[in-house]
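Engineer: Starting off with a structure, shown below.
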Amino acid sequence: MATPNAAPTARPALPVRLLGLLLAGAAVSVALGVYSDVHDPTGEQTYTLFFTATINFKVWFATVAVFFALVQILTAMRLFGKIHIPRQVPRWLGDVHRLSGTLAFGFSLPVAYHCLWALGFQSTDTRVLAHSLVGCFFYGIFTVKVLSVRSHGLPDWLLPLVGGATFAALVVIWTTSSVWFWTEFGFPSF
Amino acid sequence: MFKKAVNVIEVLALVAALGFAVALARGSDSGSGAGAGESGSGAAIYSSNCASCHGNSGQGGVGPELGDGKVVEAYPDAADEVAVVKQGLGGGRMPAFGGRLDDEEIRAVVDYTRTQLGN
């Protein structure tokens, strides 16, 4: 029997919901950081997929992930009206936005798996430390972003902020790995 | 149609993320602490410890090329190569393997790189 005064669609207060999102993301980041630190890195190649070496596949996949992330950030800017190209928003743009983000995430996974499994958390120099830290941060902020997209009634500023942070994190990861590799050894073949 | 395809791909990505977590967890159970040189052969030790940076056949990658006699050119004395493997190189250029491989394993992998790798 329903009580007359019960609010039918009671939601937790906004600060509580924001804190919940933050905690969920922090849990993912901390879990990955602890895992990569505690787990003994194997140093194994683990897999090369269809590439000739693991490092080649990692550089390529990270680059493809950044490409799709760039597509997502540009489509987001159009959807939020920050840019006006194309002049009319196509009906399919929202789906392209979702697809590009999903693909960016998908391409990042096998790269991250090798990092976590074979290399672990390292702090041998600034680049490596930044890569390890931001790598863990990326999946945490990505979690917050996905949960924010699926939640209703959140502040308008949240999604652009979280989406921008996710993109920025991926770019830092890419810069401290793939771009570093290009500058040191040249762009790898397949 | 396109929307449905995107929905399917999102579900697949979710499955992949779960698989990612499961693979890490299972790997943690079975692989953590396993010495990569357990099989004892230089080739196996190389494959497990060195190939991710120096390439499957020593062609180089993150680390320099070792095969085709390059490592012998760089370290004519095998003892110098053993020291590098054991102690690593500073500045994050190469990790030390002295804590992960015993002396016999290091000698085996050094011998492999000098006599068989990429030859």
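Quick note on naming: the chains in the structure tokens go A, B, ... in the order shown, residues restart at 1 in each chain, and ligands are numbered from 1 in order of appearance.
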Can you tell me, as a VMD selection string, what residues are no more than 10 Å from A:Lys58 when counting only C-alpha atoms, ignoring any on the same chain fewer than 3 positions away?
Structural biologist: chain A and resid 48 to 49 51 53 to 55 61 to 64 107 to 108 110 to 112 114 to 115 177 to 178 188
Engineer: Compute the set of chain A residues within 9 Å of chain B, using only C-alpha atoms, and express it as an mmCIF file with N, CA and C atoms, in the first residue's frame.
Structural biologist:
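Writing the result to result-v1.cif gives the following:
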data_model
loop_
_atom_site.group_PDB
_atom_site.id
_atom_site.type_symbol
_atom_site.label_atom_id
_atom_site.label_comp_id
_atom_site.auth_asym_id
_atom_site.auth_seq_id
_atom_site.Cartn_x
_atom_site.Cartn_y
_atom_site.Cartn_z
ATOM 1 N N TYR A 35 46.208 -3.005 -9.183
ATOM 2 C CA TYR A 35 46.494 -4.246 -9.925
ATOM 3 C C TYR A 35 47.856 -4.147 -10.621
ATOM 4 N N VAL A 38 50.657 -4.318 -8.018
ATOM 5 C CA VAL A 38 50.802 -5.560 -7.247
ATOM 6 C C VAL A 38 51.161 -6.738 -8.147
ATOM 7 N N HIS A 39 50.529 -6.766 -9.326
ATOM 8 C CA HIS A 39 50.755 -7.873 -10.254
ATOM 9 C C HIS A 39 52.205 -7.838 -10.757
ATOM 10 N N ASP A 40 52.842 -8.989 -10.748
ATOM 11 C CA ASP A 40 54.208 -9.064 -11.284
ATOM 12 C C ASP A 40 54.157 -8.974 -12.801
ATOM 13 N N PRO A 41 54.716 -7.931 -13.393
ATOM 14 C CA PRO A 41 54.672 -7.844 -14.864
ATOM 15 C C PRO A 41 55.420 -9.009 -15.498
ATOM 16 N N THR A 42 54.817 -9.583 -16.492
ATOM 17 C CA THR A 42 55.396 -10.784 -17.096
ATOM 18 C C THR A 42 56.438 -10.453 -18.155
ATOM 19 N N GLY A 43 56.351 -9.253 -18.731
ATOM 20 C CA GLY A 43 57.262 -8.902 -19.816
ATOM 21 C C GLY A 43 56.971 -9.649 -21.100
ATOM 22 N N GLU A 44 55.876 -10.386 -21.120
ATOM 23 C CA GLU A 44 55.562 -11.197 -22.299
ATOM 24 C C GLU A 44 55.020 -10.329 -23.429
ATOM 25 N N GLN A 45 55.137 -10.851 -24.631
ATOM 26 C CA GLN A 45 54.508 -10.175 -25.770
ATOM 27 C C GLN A 45 53.003 -10.378 -25.736
ATOM 28 N N THR A 46 52.557 -11.450 -25.153
ATOM 29 C CA THR A 46 51.155 -11.882 -25.032
ATOM 30 C C THR A 46 50.458 -12.088 -26.382
ATOM 31 N N THR A 52 53.387 -7.530 -36.743
ATOM 32 C CA THR A 52 54.624 -8.306 -36.652
ATOM 33 C C THR A 52 55.224 -8.265 -35.246
ATOM 34 N N ALA A 53 54.837 -7.292 -34.443
ATOM 35 C CA ALA A 53 55.357 -7.205 -33.073
ATOM 36 C C ALA A 53 54.324 -6.507 -32.196
ATOM 37 N N THR A 54 54.381 -6.819 -30.924
ATOM 38 C CA THR A 54 53.418 -6.236 -29.985
ATOM 39 C C THR A 54 53.489 -4.714 -29.988
ATOM 40 N N ILE A 55 54.707 -4.200 -30.025
ATOM 41 C CA ILE A 55 54.846 -2.748 -29.943
ATOM 42 C C ILE A 55 54.205 -2.073 -31.155
ATOM 43 N N ASN A 56 54.285 -2.730 -32.322
ATOM 44 C CA ASN A 56 53.662 -2.156 -33.520
ATOM 45 C C ASN A 56 52.145 -2.094 -33.356
ATOM 46 N N TRP A 92 21.941 11.250 -38.025
ATOM 47 C CA TRP A 92 22.802 10.146 -37.607
ATOM 48 C C TRP A 92 24.015 10.594 -36.795
ATOM 49 N N ASP A 95 24.477 9.028 -33.381
ATOM 50 C CA ASP A 95 24.919 7.630 -33.442
ATOM 51 C C ASP A 95 26.398 7.534 -33.808
ATOM 52 N N VAL A 96 26.849 8.399 -34.706
ATOM 53 C CA VAL A 96 28.281 8.422 -35.038
ATOM 54 C C VAL A 96 29.088 8.794 -33.793
ATOM 55 N N ARG A 98 28.284 8.202 -30.659
ATOM 56 C CA ARG A 98 28.321 7.015 -29.779
ATOM 57 C C ARG A 98 29.275 5.969 -30.337
ATOM 58 N N LEU A 99 29.175 5.734 -31.633
ATOM 59 C CA LEU A 99 30.000 4.692 -32.261
ATOM 60 C C LEU A 99 31.491 5.023 -32.131
ATOM 61 N N THR A 102 32.686 4.391 -28.648
ATOM 62 C CA THR A 102 32.748 2.946 -28.375
ATOM 63 C C THR A 102 33.968 2.329 -29.041
ATOM 64 N N LEU A 103 34.229 2.726 -30.267
ATOM 65 C CA LEU A 103 35.390 2.175 -30.979
ATOM 66 C C LEU A 103 36.702 2.630 -30.344
ATOM 67 N N PHE A 105 37.187 3.284 -27.247
ATOM 68 C CA PHE A 105 37.322 2.445 -26.054
ATOM 69 C C PHE A 105 37.755 1.028 -26.446
ATOM 70 N N GLY A 106 37.109 0.479 -27.466
ATOM 71 C CA GLY A 106 37.422 -0.890 -27.893
ATOM 72 C C GLY A 106 38.863 -1.044 -28.342
ATOM 73 N N LEU A 109 41.411 -1.175 -25.350
ATOM 74 C CA LEU A 109 41.435 -2.298 -24.403
ATOM 75 C C LEU A 109 42.622 -3.254 -24.583
ATOM 76 N N PRO A 110 42.872 -3.768 -25.799
ATOM 77 C CA PRO A 110 44.006 -4.698 -25.921
ATOM 78 C C PRO A 110 45.343 -4.039 -25.614
ATOM 79 N N TYR A 113 45.504 -3.852 -21.870
ATOM 80 C CA TYR A 113 45.715 -5.188 -21.292
ATOM 81 C C TYR A 113 47.209 -5.521 -21.294
ATOM 82 N N LEU A 116 49.010 -3.454 -18.623
ATOM 83 C CA LEU A 116 48.757 -3.885 -17.253
ATOM 84 C C LEU A 116 49.362 -5.251 -16.968
ATOM 85 N N TRP A 117 49.230 -6.145 -17.922
ATOM 86 C CA TRP A 117 49.627 -7.530 -17.727
ATOM 87 C C TRP A 117 51.143 -7.698 -17.867
ATOM 88 N N ALA A 118 51.701 -7.132 -18.906
ATOM 89 C CA ALA A 118 53.106 -7.421 -19.223
ATOM 90 C C ALA A 118 54.076 -6.385 -18.670
ATOM 91 N N SER A 123 57.598 3.647 -12.853
ATOM 92 C CA SER A 123 57.910 5.062 -12.562
ATOM 93 C C SER A 123 59.382 5.330 -12.830
ATOM 94 N N THR A 124 59.915 4.686 -13.857
ATOM 95 C CA THR A 124 61.351 4.806 -14.114
ATOM 96 C C THR A 124 61.751 6.214 -14.563
ATOM 97 N N ASP A 125 60.856 6.933 -15.215
ATOM 98 C CA ASP A 125 61.123 8.343 -15.530
ATOM 99 C C ASP A 125 59.786 9.068 -15.636
ATOM 100 N N VAL A 128 57.208 7.752 -18.262
ATOM 101 C CA VAL A 128 56.623 6.458 -17.909
ATOM 102 C C VAL A 128 55.664 6.600 -16.730
ATOM 103 N N PHE A 181 57.251 6.968 -29.148
ATOM 104 C CA PHE A 181 57.853 5.895 -29.943
ATOM 105 C C PHE A 181 58.237 6.410 -31.337
ATOM 106 N N GLU A 184 61.336 8.500 -31.196
ATOM 107 C CA GLU A 184 62.552 7.754 -30.864
ATOM 108 C C GLU A 184 62.938 6.756 -31.946
ATOM 109 N N PHE A 185 61.937 6.102 -32.522
ATOM 110 C CA PHE A 185 62.236 4.962 -33.409
ATOM 111 C C PHE A 185 61.599 5.067 -34.790
ATOM 112 N N PRO A 188 56.093 2.878 -36.769
ATOM 113 C CA PRO A 188 56.296 1.448 -37.016
ATOM 114 C C PRO A 188 55.492 0.944 -38.206
#
Engineer: I'd like the contact shell of A:Val34 - 12 Å cut-off, only C-alpha atoms, skipping same-chain residues fewer than 4 positions apart - returned as a list of chain:residue names.
Structural biologist: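 My list of contacting residues is A:Ala26, A:Ala27, A:Val28, A:Ser29, A:Val30, A:Val38, A:His39, A:Asp40, A:Leu116, A:Gly120, A:Phe121, A:Gln122, A:Ser132, A:Leu133, A:Cys136.
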Engineer: Can you tell me, as a list in words, what residues are no more than 10 Å from stretch 76-87 of chain B when counting only C-alpha atoms, ignoring any on the same chain fewer than 2 positions away?
Structural biologist: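 The contact residues come out as Cys50, Lys70, Val71, Val72, Glu73, Ala74, Leu89, Gly90, Met94, Pro95, Ala96, Phe97, Gly98, Gly99, Arg100, Leu101, Asp102, Asp103, Ile106, Arg107, Ala108, Val109, Val110, Asp111, Thr113 and Arg114 of chain B.
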Engineer: Would you mind exporting the chosen residues as a PDB file, in the first residue's frame, restricted to N, CA and C atoms?
Structural biologist:
ATOM      1  N   CYS B  50      62.065 -10.454 -23.241  1.00  0.00           N
ATOM      2  CA  CYS B  50      62.798  -9.478 -24.051  1.00  0.00           C
ATOM      3  C   CYS B  50      62.072  -9.086 -25.348  1.00  0.00           C
ATOM      4  N   LYS B  70      74.013  -7.956 -34.063  1.00  0.00           N
ATOM      5  CA  LYS B  70      74.112  -6.579 -33.549  1.00  0.00           C
ATOM      6  C   LYS B  70      74.526  -6.551 -32.075  1.00  0.00           C
ATOM      7  N   VAL B  71      74.016  -7.515 -31.306  1.00  0.00           N
ATOM      8  CA  VAL B  71      74.340  -7.489 -29.879  1.00  0.00           C
ATOM      9  C   VAL B  71      75.812  -7.825 -29.644  1.00  0.00           C
ATOM     10  N   VAL B  72      76.364  -8.675 -30.501  1.00  0.00           N
ATOM     11  CA  VAL B  72      77.792  -9.016 -30.365  1.00  0.00           C
ATOM     12  C   VAL B  72      78.653  -7.812 -30.735  1.00  0.00           C
ATOM     13  N   GLU B  73      78.179  -7.061 -31.733  1.00  0.00           N
ATOM     14  CA  GLU B  73      78.900  -5.836 -32.107  1.00  0.00           C
ATOM     15  C   GLU B  73      78.905  -4.843 -30.949  1.00  0.00           C
ATOM     16  N   ALA B  74      77.751  -4.725 -30.288  1.00  0.00           N
ATOM     17  CA  ALA B  74      77.634  -3.753 -29.199  1.00  0.00           C
ATOM     18  C   ALA B  74      78.383  -4.212 -27.951  1.00  0.00           C
ATOM     19  N   LEU B  89      69.615  -0.590 -17.748  1.00  0.00           N
ATOM     20  CA  LEU B  89      70.274   0.641 -18.182  1.00  0.00           C
ATOM     21  C   LEU B  89      69.526   1.813 -17.566  1.00  0.00           C
ATOM     22  N   GLY B  90      70.249   2.809 -17.153  1.00  0.00           N
ATOM     23  CA  GLY B  90      69.641   3.949 -16.473  1.00  0.00           C
ATOM     24  C   GLY B  90      68.723   4.760 -17.371  1.00  0.00           C
ATOM     25  N   MET B  94      66.173   0.509 -20.020  1.00  0.00           N
ATOM     26  CA  MET B  94      65.956  -0.940 -19.946  1.00  0.00           C
ATOM     27  C   MET B  94      65.877  -1.341 -18.472  1.00  0.00           C
ATOM     28  N   PRO B  95      64.855  -2.149 -18.129  1.00  0.00           N
ATOM     29  CA  PRO B  95      64.739  -2.571 -16.737  1.00  0.00           C
ATOM     30  C   PRO B  95      65.801  -3.602 -16.374  1.00  0.00           C
ATOM     31  N   ALA B  96      66.082  -3.718 -15.083  1.00  0.00           N
ATOM     32  CA  ALA B  96      67.028  -4.732 -14.596  1.00  0.00           C
ATOM     33  C   ALA B  96      66.289  -6.060 -14.446  1.00  0.00           C
ATOM     34  N   PHE B  97      66.926  -7.119 -14.920  1.00  0.00           N
ATOM     35  CA  PHE B  97      66.302  -8.433 -14.819  1.00  0.00           C
ATOM     36  C   PHE B  97      66.960  -9.292 -13.734  1.00  0.00           C
ATOM     37  N   GLY B  98      67.898  -8.691 -13.006  1.00  0.00           N
ATOM     38  CA  GLY B  98      68.601  -9.448 -11.979  1.00  0.00           C
ATOM     39  C   GLY B  98      67.688  -9.990 -10.894  1.00  0.00           C
ATOM     40  N   GLY B  99      66.578  -9.278 -10.644  1.00  0.00           N
ATOM     41  CA  GLY B  99      65.656  -9.738  -9.607  1.00  0.00           C
ATOM     42  C   GLY B  99      64.635 -10.730 -10.102  1.00  0.00           C
ATOM     43  N   ARG B 100      64.564 -10.908 -11.401  1.00  0.00           N
ATOM     44  CA  ARG B 100      63.533 -11.786 -11.961  1.00  0.00           C
ATOM     45  C   ARG B 100      64.103 -13.050 -12.550  1.00  0.00           C
ATOM     46  N   LEU B 101      65.321 -12.972 -13.016  1.00  0.00           N
ATOM     47  CA  LEU B 101      65.968 -14.133 -13.614  1.00  0.00           C
ATOM     48  C   LEU B 101      67.213 -14.461 -12.795  1.00  0.00           C
ATOM     49  N   ASP B 102      67.475 -15.756 -12.624  1.00  0.00           N
ATOM     50  CA  ASP B 102      68.699 -16.094 -11.904  1.00  0.00           C
ATOM     51  C   ASP B 102      69.874 -16.080 -12.880  1.00  0.00           C
ATOM     52  N   ASP B 103      71.078 -16.284 -12.347  1.00  0.00           N
ATOM     53  CA  ASP B 103      72.282 -16.166 -13.173  1.00  0.00           C
ATOM     54  C   ASP B 103      72.272 -17.145 -14.348  1.00  0.00           C
ATOM     55  N   ILE B 106      69.930 -15.869 -17.032  1.00  0.00           N
ATOM     56  CA  ILE B 106      70.507 -14.717 -17.744  1.00  0.00           C
ATOM     57  C   ILE B 106      71.592 -15.176 -18.712  1.00  0.00           C
ATOM     58  N   ARG B 107      72.408 -16.123 -18.271  1.00  0.00           N
ATOM     59  CA  ARG B 107      73.447 -16.641 -19.179  1.00  0.00           C
ATOM     60  C   ARG B 107      72.799 -17.329 -20.388  1.00  0.00           C
ATOM     61  N   ALA B 108      71.701 -18.048 -20.119  1.00  0.00           N
ATOM     62  CA  ALA B 108      71.027 -18.756 -21.212  1.00  0.00           C
ATOM     63  C   ALA B 108      70.468 -17.782 -22.244  1.00  0.00           C
ATOM     64  N   VAL B 109      69.837 -16.708 -21.767  1.00  0.00           N
ATOM     65  CA  VAL B 109      69.229 -15.773 -22.714  1.00  0.00           C
ATOM     66  C   VAL B 109      70.296 -14.955 -23.437  1.00  0.00           C
ATOM     67  N   VAL B 110      71.361 -14.631 -22.735  1.00  0.00           N
ATOM     68  CA  VAL B 110      72.458 -13.907 -23.388  1.00  0.00           C
ATOM     69  C   VAL B 110      73.081 -14.784 -24.473  1.00  0.00           C
ATOM     70  N   ASP B 111      73.275 -16.028 -24.148  1.00  0.00           N
ATOM     71  CA  ASP B 111      73.839 -16.954 -25.137  1.00  0.00           C
ATOM     72  C   ASP B 111      72.913 -17.070 -26.357  1.00  0.00           C
ATOM     73  N   THR B 113      70.808 -14.794 -27.475  1.00  0.00           N
ATOM     74  CA  THR B 113      70.846 -13.576 -28.307  1.00  0.00           C
ATOM     75  C   THR B 113      72.122 -13.508 -29.144  1.00  0.00           C
ATOM     76  N   ARG B 114      73.188 -14.107 -28.646  1.00  0.00           N
ATOM     77  CA  ARG B 114      74.474 -13.999 -29.345  1.00  0.00           C
ATOM     78  C   ARG B 114      74.668 -15.078 -30.403  1.00  0.00           C
TER      79      ARG B 114
END
Engineer: One decimal, in Å: what's the spacing between atom CA of B:Glu65 and atom CA of B:Gln116?
Structural biologist: 13.7 Å
Engineer: So which residues of stretch 35-114 of chain A fall under alpha helix (DSSP H) by DSSP, listed as a PyMOL selection string?
Structural biologist: chain A and resi 35-38+54-79+93-114
Engineer: I need the residues from that last selection saved to file as a short mmCIF file (atom, residue, chain, number, x, y, z; two decimals), in the first residue's frame (with N, CA and C atoms), if you can.
Structural biologist:
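again_5.cif, written as the output of this step:
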data_model
loop_
_atom_site.label_atom_id
_atom_site.label_comp_id
_atom_site.auth_asym_id
_atom_site.auth_seq_id
_atom_site.Cartn_x
_atom_site.Cartn_y
_atom_site.Cartn_z
N TYR A 35 46.21 -3.01 -9.18
CA TYR A 35 46.49 -4.25 -9.92
C TYR A 35 47.86 -4.15 -10.62
N SER A 36 48.05 -3.05 -11.33
CA SER A 36 49.28 -2.94 -12.13
C SER A 36 50.51 -2.83 -11.24
N ASP A 37 50.32 -2.40 -10.01
CA ASP A 37 51.45 -2.30 -9.09
C ASP A 37 51.72 -3.62 -8.38
N VAL A 38 50.66 -4.32 -8.02
CA VAL A 38 50.80 -5.56 -7.25
C VAL A 38 51.16 -6.74 -8.15
N THR A 54 54.38 -6.82 -30.92
CA THR A 54 53.42 -6.24 -29.99
C THR A 54 53.49 -4.71 -29.99
N ILE A 55 54.71 -4.20 -30.02
CA ILE A 55 54.85 -2.75 -29.94
C ILE A 55 54.20 -2.07 -31.15
N ASN A 56 54.28 -2.73 -32.32
CA ASN A 56 53.66 -2.16 -33.52
C ASN A 56 52.15 -2.09 -33.36
N PHE A 57 51.58 -3.20 -32.88
CA PHE A 57 50.12 -3.21 -32.71
C PHE A 57 49.70 -2.17 -31.67
N LYS A 58 50.50 -2.00 -30.63
CA LYS A 58 50.11 -1.04 -29.59
C LYS A 58 50.14 0.39 -30.13
N VAL A 59 51.17 0.72 -30.87
CA VAL A 59 51.27 2.08 -31.42
C VAL A 59 50.10 2.34 -32.38
N TRP A 60 49.81 1.38 -33.23
CA TRP A 60 48.72 1.56 -34.20
C TRP A 60 47.36 1.63 -33.51
N PHE A 61 47.11 0.72 -32.60
CA PHE A 61 45.81 0.70 -31.94
C PHE A 61 45.59 1.98 -31.11
N ALA A 62 46.63 2.42 -30.42
CA ALA A 62 46.48 3.66 -29.63
C ALA A 62 46.20 4.84 -30.56
N THR A 63 46.84 4.83 -31.71
CA THR A 63 46.62 5.92 -32.67
C THR A 63 45.19 5.88 -33.23
N VAL A 64 44.73 4.69 -33.54
CA VAL A 64 43.35 4.55 -34.03
C VAL A 64 42.36 4.97 -32.94
N ALA A 65 42.65 4.62 -31.69
CA ALA A 65 41.77 5.02 -30.59
C ALA A 65 41.70 6.55 -30.49
N VAL A 66 42.83 7.20 -30.64
CA VAL A 66 42.84 8.67 -30.58
C VAL A 66 42.06 9.26 -31.76
N PHE A 67 42.19 8.62 -32.92
CA PHE A 67 41.43 9.09 -34.09
C PHE A 67 39.93 9.05 -33.80
N PHE A 68 39.47 7.92 -33.28
CA PHE A 68 38.03 7.82 -32.99
C PHE A 68 37.63 8.78 -31.87
N ALA A 69 38.52 8.98 -30.90
CA ALA A 69 38.23 9.94 -29.84
C ALA A 69 38.11 11.35 -30.40
N LEU A 70 38.95 11.63 -31.40
CA LEU A 70 38.88 12.95 -32.04
C LEU A 70 37.54 13.11 -32.77
N VAL A 71 37.12 12.05 -33.45
CA VAL A 71 35.81 12.09 -34.10
C VAL A 71 34.73 12.34 -33.06
N GLN A 72 34.87 11.69 -31.91
CA GLN A 72 33.84 11.85 -30.90
C GLN A 72 33.81 13.27 -30.33
N ILE A 73 34.98 13.83 -30.10
CA ILE A 73 35.01 15.18 -29.53
C ILE A 73 34.46 16.19 -30.54
N LEU A 74 34.77 15.99 -31.83
CA LEU A 74 34.26 16.91 -32.86
C LEU A 74 32.75 16.78 -33.01
N THR A 75 32.25 15.55 -33.01
CA THR A 75 30.79 15.38 -33.12
C THR A 75 30.10 15.92 -31.87
N ALA A 76 30.75 15.78 -30.72
CA ALA A 76 30.17 16.35 -29.49
C ALA A 76 30.08 17.87 -29.59
N MET A 77 31.14 18.46 -30.12
CA MET A 77 31.14 19.92 -30.26
C MET A 77 30.03 20.37 -31.20
N ARG A 78 29.77 19.59 -32.24
CA ARG A 78 28.68 19.95 -33.15
C ARG A 78 27.32 19.76 -32.47
N LEU A 79 27.20 18.66 -31.73
CA LEU A 79 25.92 18.39 -31.06
C LEU A 79 25.63 19.46 -29.99
N LEU A 93 24.16 11.89 -36.59
CA LEU A 93 25.39 12.37 -35.94
C LEU A 93 25.52 11.84 -34.50
N GLY A 94 24.39 11.76 -33.82
CA GLY A 94 24.44 11.24 -32.45
C GLY A 94 24.92 9.80 -32.41
N ASP A 95 24.48 9.03 -33.38
CA ASP A 95 24.92 7.63 -33.44
C ASP A 95 26.40 7.53 -33.81
N VAL A 96 26.85 8.40 -34.71
CA VAL A 96 28.28 8.42 -35.04
C VAL A 96 29.09 8.79 -33.79
N HIS A 97 28.54 9.72 -33.03
CA HIS A 97 29.21 10.12 -31.78
C HIS A 97 29.35 8.93 -30.84
N ARG A 98 28.28 8.20 -30.66
CA ARG A 98 28.32 7.01 -29.78
C ARG A 98 29.28 5.97 -30.34
N LEU A 99 29.17 5.73 -31.63
CA LEU A 99 30.00 4.69 -32.26
C LEU A 99 31.49 5.02 -32.13
N SER A 100 31.83 6.28 -32.37
CA SER A 100 33.26 6.64 -32.32
C SER A 100 33.81 6.47 -30.91
N GLY A 101 33.02 6.82 -29.92
CA GLY A 101 33.49 6.64 -28.54
C GLY A 101 33.64 5.17 -28.19
N THR A 102 32.69 4.39 -28.65
CA THR A 102 32.75 2.95 -28.38
C THR A 102 33.97 2.33 -29.04
N LEU A 103 34.23 2.73 -30.27
CA LEU A 103 35.39 2.17 -30.98
C LEU A 103 36.70 2.63 -30.34
N ALA A 104 36.74 3.88 -29.92
CA ALA A 104 37.96 4.37 -29.24
C ALA A 104 38.23 3.52 -28.01
N PHE A 105 37.19 3.28 -27.25
CA PHE A 105 37.32 2.44 -26.05
C PHE A 105 37.76 1.03 -26.45
N GLY A 106 37.11 0.48 -27.47
CA GLY A 106 37.42 -0.89 -27.89
C GLY A 106 38.86 -1.04 -28.34
N PHE A 107 39.36 -0.07 -29.07
CA PHE A 107 40.75 -0.16 -29.53
C PHE A 107 41.74 0.04 -28.38
N SER A 108 41.31 0.72 -27.34
CA SER A 108 42.23 0.95 -26.23
C SER A 108 42.42 -0.31 -25.36
N LEU A 109 41.41 -1.18 -25.35
CA LEU A 109 41.44 -2.30 -24.40
C LEU A 109 42.62 -3.25 -24.58
N PRO A 110 42.87 -3.77 -25.80
CA PRO A 110 44.01 -4.70 -25.92
C PRO A 110 45.34 -4.04 -25.61
N VAL A 111 45.44 -2.75 -25.88
CA VAL A 111 46.68 -2.02 -25.56
C VAL A 111 46.84 -1.96 -24.04
N ALA A 112 45.74 -1.58 -23.38
CA ALA A 112 45.79 -1.47 -21.92
C ALA A 112 46.06 -2.82 -21.28
N TYR A 113 45.50 -3.85 -21.87
CA TYR A 113 45.72 -5.19 -21.29
C TYR A 113 47.21 -5.52 -21.29
N HIS A 114 47.86 -5.27 -22.41
CA HIS A 114 49.30 -5.56 -22.46
C HIS A 114 50.07 -4.71 -21.47
#
